[in-house]
file input_14.pdb (PDB, C-alpha atoms)
ATOM      1  CA  LEU A 669      60.392-193.841 140.325
ATOM      2  CA  PHE A 670      62.573-191.156 138.768
ATOM      3  CA  PHE A 671      60.003-190.500 136.025
ATOM      4  CA  ILE A 672      57.035-190.684 138.392
ATOM      5  CA  ARG A 673      58.579-187.903 140.469
ATOM      6  CA  LEU A 674      59.146-185.796 137.368
ATOM      7  CA  ILE A 675      55.535-186.306 136.261
ATOM      8  CA  LYS A 676      54.324-185.217 139.714
ATOM      9  CA  ASN A 677      56.529-182.082 139.485
ATOM     10  CA  LYS A 678      58.771-183.245 142.321
ATOM     11  CA  HIS A 679      62.547-183.221 142.424
ATOM     12  CA  PRO A 680      63.695-186.576 140.959
ATOM     13  CA  PHE A 681      66.291-187.134 143.692
ATOM     14  CA  SER A 682      64.154-186.182 146.684
ATOM     15  CA  GLY A 683      63.422-188.831 149.263
ATOM     16  CA  ASP A 684      60.008-190.314 149.871
ATOM     17  CA  LYS A 685      58.348-193.279 151.538
ATOM     18  CA  THR A 686      57.049-195.043 148.414
ATOM     19  CA  HIS A 687      59.762-197.688 148.137
ATOM     20  CA  LEU A 688      58.950-201.323 148.753
ATOM     21  CA  HIS A 689      60.906-201.530 152.006
ATOM     22  CA  HIS A 690      58.984-198.550 153.429
ATOM     23  CA  LEU A 691      55.648-200.171 152.585
ATOM     24  CA  LEU A 692      56.719-203.432 154.180
ATOM     25  CA  LEU A 693      58.165-201.728 157.264
ATOM     26  CA  ARG A 694      54.949-199.825 157.842
ATOM     27  CA  LYS A 695      52.720-202.878 157.526
ATOM     28  CA  ILE A 696      54.622-205.918 158.788
ATOM     29  CA  GLY A 697      57.450-204.497 160.885
ATOM     30  CA  LEU A 698      61.208-204.583 160.764
ATOM     31  CA  ALA A 699      61.798-208.280 161.501
ATOM     32  CA  LYS A 700      59.414-209.598 158.831
ATOM     33  CA  THR A 701      60.634-207.028 156.300
ATOM     34  CA  ASN A 702      64.218-208.151 156.847
ATOM     35  CA  ILE A 703      63.194-211.795 156.426
ATOM     36  CA  CYS A 704      61.296-211.085 153.171
ATOM     37  CA  ILE A 705      64.127-209.093 151.659
ATOM     38  CA  SER A 706      66.794-211.568 152.837
ATOM     39  CA  ILE A 707      64.943-214.527 151.328
ATOM     40  CA  SER A 708      64.541-212.635 148.051
ATOM     41  CA  ILE A 709      68.236-211.792 147.908
ATOM     42  CA  ILE A 710      69.333-215.336 148.770
ATOM     43  CA  LEU A 711      67.040-216.884 146.152
ATOM     44  CA  SER A 712      68.199-214.387 143.549
ATOM     45  CA  VAL A 713      71.868-215.142 144.224
ATOM     46  CA  VAL A 714      71.318-218.907 144.092
ATOM     47  CA  VAL A 715      69.462-218.638 140.804
ATOM     48  CA  MET A 716      72.082-216.227 139.437
ATOM     49  CA  ILE A 717      74.751-218.851 140.052
ATOM     50  CA  ILE A 718      72.700-221.268 137.968
ATOM     51  CA  ASN A 719      71.683-218.937 135.139
ATOM     52  CA  ILE A 720      71.853-215.132 134.853
ATOM     53  CA  TYR A 721      68.735-214.808 132.678
ATOM     54  CA  LEU A 722      66.714-216.953 135.011
ATOM     55  CA  ALA A 723      67.998-214.823 137.885
ATOM     56  CA  LEU A 724      66.636-211.686 136.250
ATOM     57  CA  ILE A 725      63.233-213.295 135.790
ATOM     58  CA  VAL A 726      63.126-214.662 139.340
ATOM     59  CA  SER A 727      64.272-211.339 140.811
ATOM     60  CA  ALA A 728      61.605-209.425 138.900
ATOM     61  CA  PHE A 729      58.974-211.961 139.980
ATOM     62  CA  LEU A 730      59.969-211.795 143.660
ATOM     63  CA  TYR A 731      60.019-208.008 143.635
ATOM     64  CA  SER A 732      56.599-207.912 141.972
ATOM     65  CA  CYS A 733      55.186-210.346 144.518
ATOM     66  CA  LEU A 734      56.503-208.266 147.401
ATOM     67  CA  ILE A 735      55.007-205.098 145.916
ATOM     68  CA  ILE A 736      51.615-206.765 145.417
ATOM     69  CA  TYR A 737      51.736-208.161 148.956
ATOM     70  CA  ALA A 738      52.711-204.789 150.422
ATOM     71  CA  LYS A 739      49.940-202.979 148.564
ATOM     72  CA  LYS A 740      47.292-205.526 149.599
ATOM     73  CA  ILE A 741      47.996-204.907 153.253
ATOM     74  CA  VAL A 742      48.082-201.106 152.899
TER      75      VAL A 742
END

call {"tool": "encode", "arguments": {"input": "input_14.pdb", "output": "structure tokens"}}
result
Amino acid sequence: LFFIRLIKNKHPFSGDKTHLHHLLLRKIGLAKTNICISISIILSVVVMIINIYLALIVSAFLYSCLIIYAKKIV
């Protein structure tokens, strides 16, 4: 996101509404957004306890799925 802002000639530390949680909030509401993010965090922590490398893969996969889901409903 830092580099995208630089490419668009925006200040790299300025706020915007392009983060995943903003997309989810706009489309599915606060309660469902909290559930999605909570489940992702819980699964990531459980997997991290088992194996740190697997946790990185699972976290990246969950984040990607949430982004794809959020963009489909935009």

call {"tool": "resolve_selection", "arguments": {"input": "input_14.pdb", "expression": "the PyMOL selection byres ((chain A and resi 693) around 12)", "output": "JSON list (two decimals) with C-alpha atoms, in the coordinates of the input"}}
result
[["chain", "number", "residue", "atom", "x", "y", "z"],
["A", 685, "LYS", "CA", 58.35, -193.28, 151.54],
["A", 686, "THR", "CA", 57.05, -195.04, 148.41],
["A", 687, "HIS", "CA", 59.76, -197.69, 148.14],
["A", 688, "LEU", "CA", 58.95, -201.32, 148.75],
["A", 689, "HIS", "CA", 60.91, -201.53, 152.01],
["A", 690, "HIS", "CA", 58.98, -198.55, 153.43],
["A", 691, "LEU", "CA", 55.65, -200.17, 152.58],
["A", 692, "LEU", "CA", 56.72, -203.43, 154.18],
["A", 694, "ARG", "CA", 54.95, -199.82, 157.84],
["A", 695, "LYS", "CA", 52.72, -202.88, 157.53],
["A", 696, "ILE", "CA", 54.62, -205.92, 158.79],
["A", 697, "GLY", "CA", 57.45, -204.50, 160.88],
["A", 698, "LEU", "CA", 61.21, -204.58, 160.76],
["A", 699, "ALA", "CA", 61.80, -208.28, 161.50],
["A", 700, "LYS", "CA", 59.41, -209.60, 158.83],
["A", 701, "THR", "CA", 60.63, -207.03, 156.30],
["A", 702, "ASN", "CA", 64.22, -208.15, 156.85],
["A", 703, "ILE", "CA", 63.19, -211.80, 156.43],
["A", 704, "CYS", "CA", 61.30, -211.08, 153.17],
["A", 705, "ILE", "CA", 64.13, -209.09, 151.66],
["A", 734, "LEU", "CA", 56.50, -208.27, 147.40],
["A", 738, "ALA", "CA", 52.71, -204.79, 150.42],
["A", 741, "ILE", "CA", 48.00, -204.91, 153.25],
["A", 742, "VAL", "CA", 48.08, -201.11, 152.90]]

call {"tool": "atom_distance", "arguments": {"input": "input_14.pdb", "atom1": "atom CA of A:Ile735", "atom2": "atom CA of A:Ser706"}}
result
15.1 Å

call {"tool": "atom_distance", "arguments": {"input": "input_14.pdb", "atom1": "atom CA of A:Ile707", "atom2": "atom CA of A:Ile720"}}
result
17.9 Å

call {"tool": "closest_residue", "arguments": {"input": "input_14.pdb", "among": "A:Leu711, A:Lys739, A:Leu669, A:Lys678", "to": "A:Ser727", "atoms": "all atoms listed in the file"}}
result
A:Leu711

call {"tool": "atom_distance", "arguments": {"input": "input_14.pdb", "atom1": "atom CA of A:Ser732", "atom2": "atom CA of A:Phe670"}}
result
18.1 Å

call {"tool": "decode", "arguments": {"input": "input_14.pdb", "residues": "stretch 686-698 of chain A", "atoms": "all heavy atoms", "output": "PDB file, in the first residue's frame"}}
result
ATOM      1  N   THR A 686      -9.038   1.985   1.566  1.00  0.00           N
ATOM      2  CA  THR A 686      -8.767   0.857   0.682  1.00  0.00           C
ATOM      3  C   THR A 686      -8.303  -0.393   1.413  1.00  0.00           C
ATOM      4  O   THR A 686      -7.979  -1.380   0.785  1.00  0.00           O
ATOM      5  CB  THR A 686      -7.701   1.236  -0.369  1.00  0.00           C
ATOM      6  OG1 THR A 686      -6.514   1.639   0.320  1.00  0.00           O
ATOM      7  CG2 THR A 686      -8.192   2.353  -1.272  1.00  0.00           C
ATOM      8  N   HIS A 687      -8.268  -0.359   2.735  1.00  0.00           N
ATOM      9  CA  HIS A 687      -7.856  -1.541   3.484  1.00  0.00           C
ATOM     10  C   HIS A 687      -8.974  -2.582   3.503  1.00  0.00           C
ATOM     11  O   HIS A 687     -10.148  -2.256   3.328  1.00  0.00           O
ATOM     12  CB  HIS A 687      -7.493  -1.150   4.927  1.00  0.00           C
ATOM     13  CG  HIS A 687      -6.280  -0.311   5.013  1.00  0.00           C
ATOM     14  ND1 HIS A 687      -6.319   1.049   4.984  1.00  0.00           N
ATOM     15  CD2 HIS A 687      -4.967  -0.656   5.106  1.00  0.00           C
ATOM     16  CE1 HIS A 687      -5.091   1.519   5.069  1.00  0.00           C
ATOM     17  NE2 HIS A 687      -4.249   0.506   5.137  1.00  0.00           N
ATOM     18  N   LEU A 688      -8.595  -3.806   3.738  1.00  0.00           N
ATOM     19  CA  LEU A 688      -9.542  -4.910   3.734  1.00  0.00           C
ATOM     20  C   LEU A 688     -10.701  -4.667   4.695  1.00  0.00           C
ATOM     21  O   LEU A 688     -11.863  -4.878   4.340  1.00  0.00           O
ATOM     22  CB  LEU A 688      -8.830  -6.218   4.100  1.00  0.00           C
ATOM     23  CG  LEU A 688      -9.710  -7.440   4.274  1.00  0.00           C
ATOM     24  CD1 LEU A 688     -10.420  -7.775   2.978  1.00  0.00           C
ATOM     25  CD2 LEU A 688      -8.898  -8.607   4.756  1.00  0.00           C
ATOM     26  N   HIS A 689     -10.420  -4.214   5.896  1.00  0.00           N
ATOM     27  CA  HIS A 689     -11.497  -4.044   6.876  1.00  0.00           C
ATOM     28  C   HIS A 689     -12.479  -2.961   6.438  1.00  0.00           C
ATOM     29  O   HIS A 689     -13.671  -3.060   6.718  1.00  0.00           O
ATOM     30  CB  HIS A 689     -10.936  -3.766   8.271  1.00  0.00           C
ATOM     31  CG  HIS A 689     -10.014  -2.610   8.357  1.00  0.00           C
ATOM     32  ND1 HIS A 689      -8.667  -2.712   8.101  1.00  0.00           N
ATOM     33  CD2 HIS A 689     -10.240  -1.318   8.664  1.00  0.00           C
ATOM     34  CE1 HIS A 689      -8.110  -1.531   8.248  1.00  0.00           C
ATOM     35  NE2 HIS A 689      -9.042  -0.653   8.595  1.00  0.00           N
ATOM     36  N   HIS A 690     -12.037  -1.955   5.697  1.00  0.00           N
ATOM     37  CA  HIS A 690     -12.962  -0.943   5.193  1.00  0.00           C
ATOM     38  C   HIS A 690     -13.873  -1.516   4.116  1.00  0.00           C
ATOM     39  O   HIS A 690     -15.069  -1.218   4.070  1.00  0.00           O
ATOM     40  CB  HIS A 690     -12.198   0.260   4.640  1.00  0.00           C
ATOM     41  CG  HIS A 690     -11.496   1.059   5.681  1.00  0.00           C
ATOM     42  ND1 HIS A 690     -12.169   1.797   6.626  1.00  0.00           N
ATOM     43  CD2 HIS A 690     -10.174   1.228   5.939  1.00  0.00           C
ATOM     44  CE1 HIS A 690     -11.292   2.390   7.413  1.00  0.00           C
ATOM     45  NE2 HIS A 690     -10.073   2.051   7.021  1.00  0.00           N
ATOM     46  N   LEU A 691     -13.294  -2.339   3.237  1.00  0.00           N
ATOM     47  CA  LEU A 691     -14.111  -2.989   2.199  1.00  0.00           C
ATOM     48  C   LEU A 691     -15.175  -3.880   2.825  1.00  0.00           C
ATOM     49  O   LEU A 691     -16.342  -3.852   2.428  1.00  0.00           O
ATOM     50  CB  LEU A 691     -13.226  -3.819   1.261  1.00  0.00           C
ATOM     51  CG  LEU A 691     -12.243  -3.063   0.371  1.00  0.00           C
ATOM     52  CD1 LEU A 691     -11.327  -4.038  -0.341  1.00  0.00           C
ATOM     53  CD2 LEU A 691     -12.983  -2.197  -0.622  1.00  0.00           C
ATOM     54  N   LEU A 692     -14.753  -4.679   3.796  1.00  0.00           N
ATOM     55  CA  LEU A 692     -15.700  -5.579   4.456  1.00  0.00           C
ATOM     56  C   LEU A 692     -16.761  -4.803   5.227  1.00  0.00           C
ATOM     57  O   LEU A 692     -17.952  -5.144   5.162  1.00  0.00           O
ATOM     58  CB  LEU A 692     -14.964  -6.537   5.393  1.00  0.00           C
ATOM     59  CG  LEU A 692     -14.116  -7.608   4.712  1.00  0.00           C
ATOM     60  CD1 LEU A 692     -13.289  -8.359   5.750  1.00  0.00           C
ATOM     61  CD2 LEU A 692     -14.961  -8.561   3.917  1.00  0.00           C
ATOM     62  N   LEU A 693     -16.369  -3.771   5.944  1.00  0.00           N
ATOM     63  CA  LEU A 693     -17.331  -2.973   6.703  1.00  0.00           C
ATOM     64  C   LEU A 693     -18.398  -2.384   5.793  1.00  0.00           C
ATOM     65  O   LEU A 693     -19.587  -2.395   6.111  1.00  0.00           O
ATOM     66  CB  LEU A 693     -16.626  -1.840   7.448  1.00  0.00           C
ATOM     67  CG  LEU A 693     -15.932  -2.224   8.738  1.00  0.00           C
ATOM     68  CD1 LEU A 693     -15.066  -1.072   9.233  1.00  0.00           C
ATOM     69  CD2 LEU A 693     -16.932  -2.614   9.803  1.00  0.00           C
ATOM     70  N   ARG A 694     -17.967  -1.870   4.658  1.00  0.00           N
ATOM     71  CA  ARG A 694     -18.891  -1.239   3.728  1.00  0.00           C
ATOM     72  C   ARG A 694     -19.896  -2.235   3.142  1.00  0.00           C
ATOM     73  O   ARG A 694     -21.048  -1.897   2.904  1.00  0.00           O
ATOM     74  CB  ARG A 694     -18.085  -0.595   2.593  1.00  0.00           C
ATOM     75  CG  ARG A 694     -18.733   0.601   1.998  1.00  0.00           C
ATOM     76  CD  ARG A 694     -17.852   1.342   1.002  1.00  0.00           C
ATOM     77  NE  ARG A 694     -16.457   1.406   1.419  1.00  0.00           N
ATOM     78  CZ  ARG A 694     -15.422   1.182   0.604  1.00  0.00           C
ATOM     79  NH1 ARG A 694     -15.623   0.903  -0.661  1.00  0.00           N
ATOM     80  NH2 ARG A 694     -14.192   1.263   1.045  1.00  0.00           N
ATOM     81  N   LYS A 695     -19.448  -3.466   2.917  1.00  0.00           N
ATOM     82  CA  LYS A 695     -20.297  -4.420   2.215  1.00  0.00           C
ATOM     83  C   LYS A 695     -21.057  -5.402   3.098  1.00  0.00           C
ATOM     84  O   LYS A 695     -22.157  -5.798   2.750  1.00  0.00           O
ATOM     85  CB  LYS A 695     -19.458  -5.208   1.192  1.00  0.00           C
ATOM     86  CG  LYS A 695     -18.934  -4.334   0.100  1.00  0.00           C
ATOM     87  CD  LYS A 695     -20.079  -3.669  -0.629  1.00  0.00           C
ATOM     88  CE  LYS A 695     -19.589  -2.625  -1.594  1.00  0.00           C
ATOM     89  NZ  LYS A 695     -20.689  -1.909  -2.226  1.00  0.00           N
ATOM     90  N   ILE A 696     -20.480  -5.815   4.218  1.00  0.00           N
ATOM     91  CA  ILE A 696     -21.170  -6.829   5.025  1.00  0.00           C
ATOM     92  C   ILE A 696     -21.485  -6.366   6.441  1.00  0.00           C
ATOM     93  O   ILE A 696     -22.094  -7.101   7.201  1.00  0.00           O
ATOM     94  CB  ILE A 696     -20.376  -8.157   5.066  1.00  0.00           C
ATOM     95  CG1 ILE A 696     -19.009  -7.992   5.724  1.00  0.00           C
ATOM     96  CG2 ILE A 696     -20.240  -8.741   3.685  1.00  0.00           C
ATOM     97  CD1 ILE A 696     -18.241  -9.282   5.901  1.00  0.00           C
ATOM     98  N   GLY A 697     -21.043  -5.193   6.817  1.00  0.00           N
ATOM     99  CA  GLY A 697     -21.378  -4.663   8.135  1.00  0.00           C
ATOM    100  C   GLY A 697     -20.359  -5.019   9.203  1.00  0.00           C
ATOM    101  O   GLY A 697     -19.483  -5.849   9.012  1.00  0.00           O
ATOM    102  N   LEU A 698     -20.533  -4.370  10.335  1.00  0.00           N
ATOM    103  CA  LEU A 698     -19.572  -4.488  11.430  1.00  0.00           C
ATOM    104  C   LEU A 698     -19.535  -5.892  12.039  1.00  0.00           C
ATOM    105  O   LEU A 698     -18.466  -6.458  12.246  1.00  0.00           O
ATOM    106  CB  LEU A 698     -19.888  -3.457  12.509  1.00  0.00           C
ATOM    107  CG  LEU A 698     -18.991  -3.456  13.732  1.00  0.00           C
ATOM    108  CD1 LEU A 698     -17.554  -3.135  13.328  1.00  0.00           C
ATOM    109  CD2 LEU A 698     -19.491  -2.468  14.764  1.00  0.00           C
TER     110      LEU A 698
END
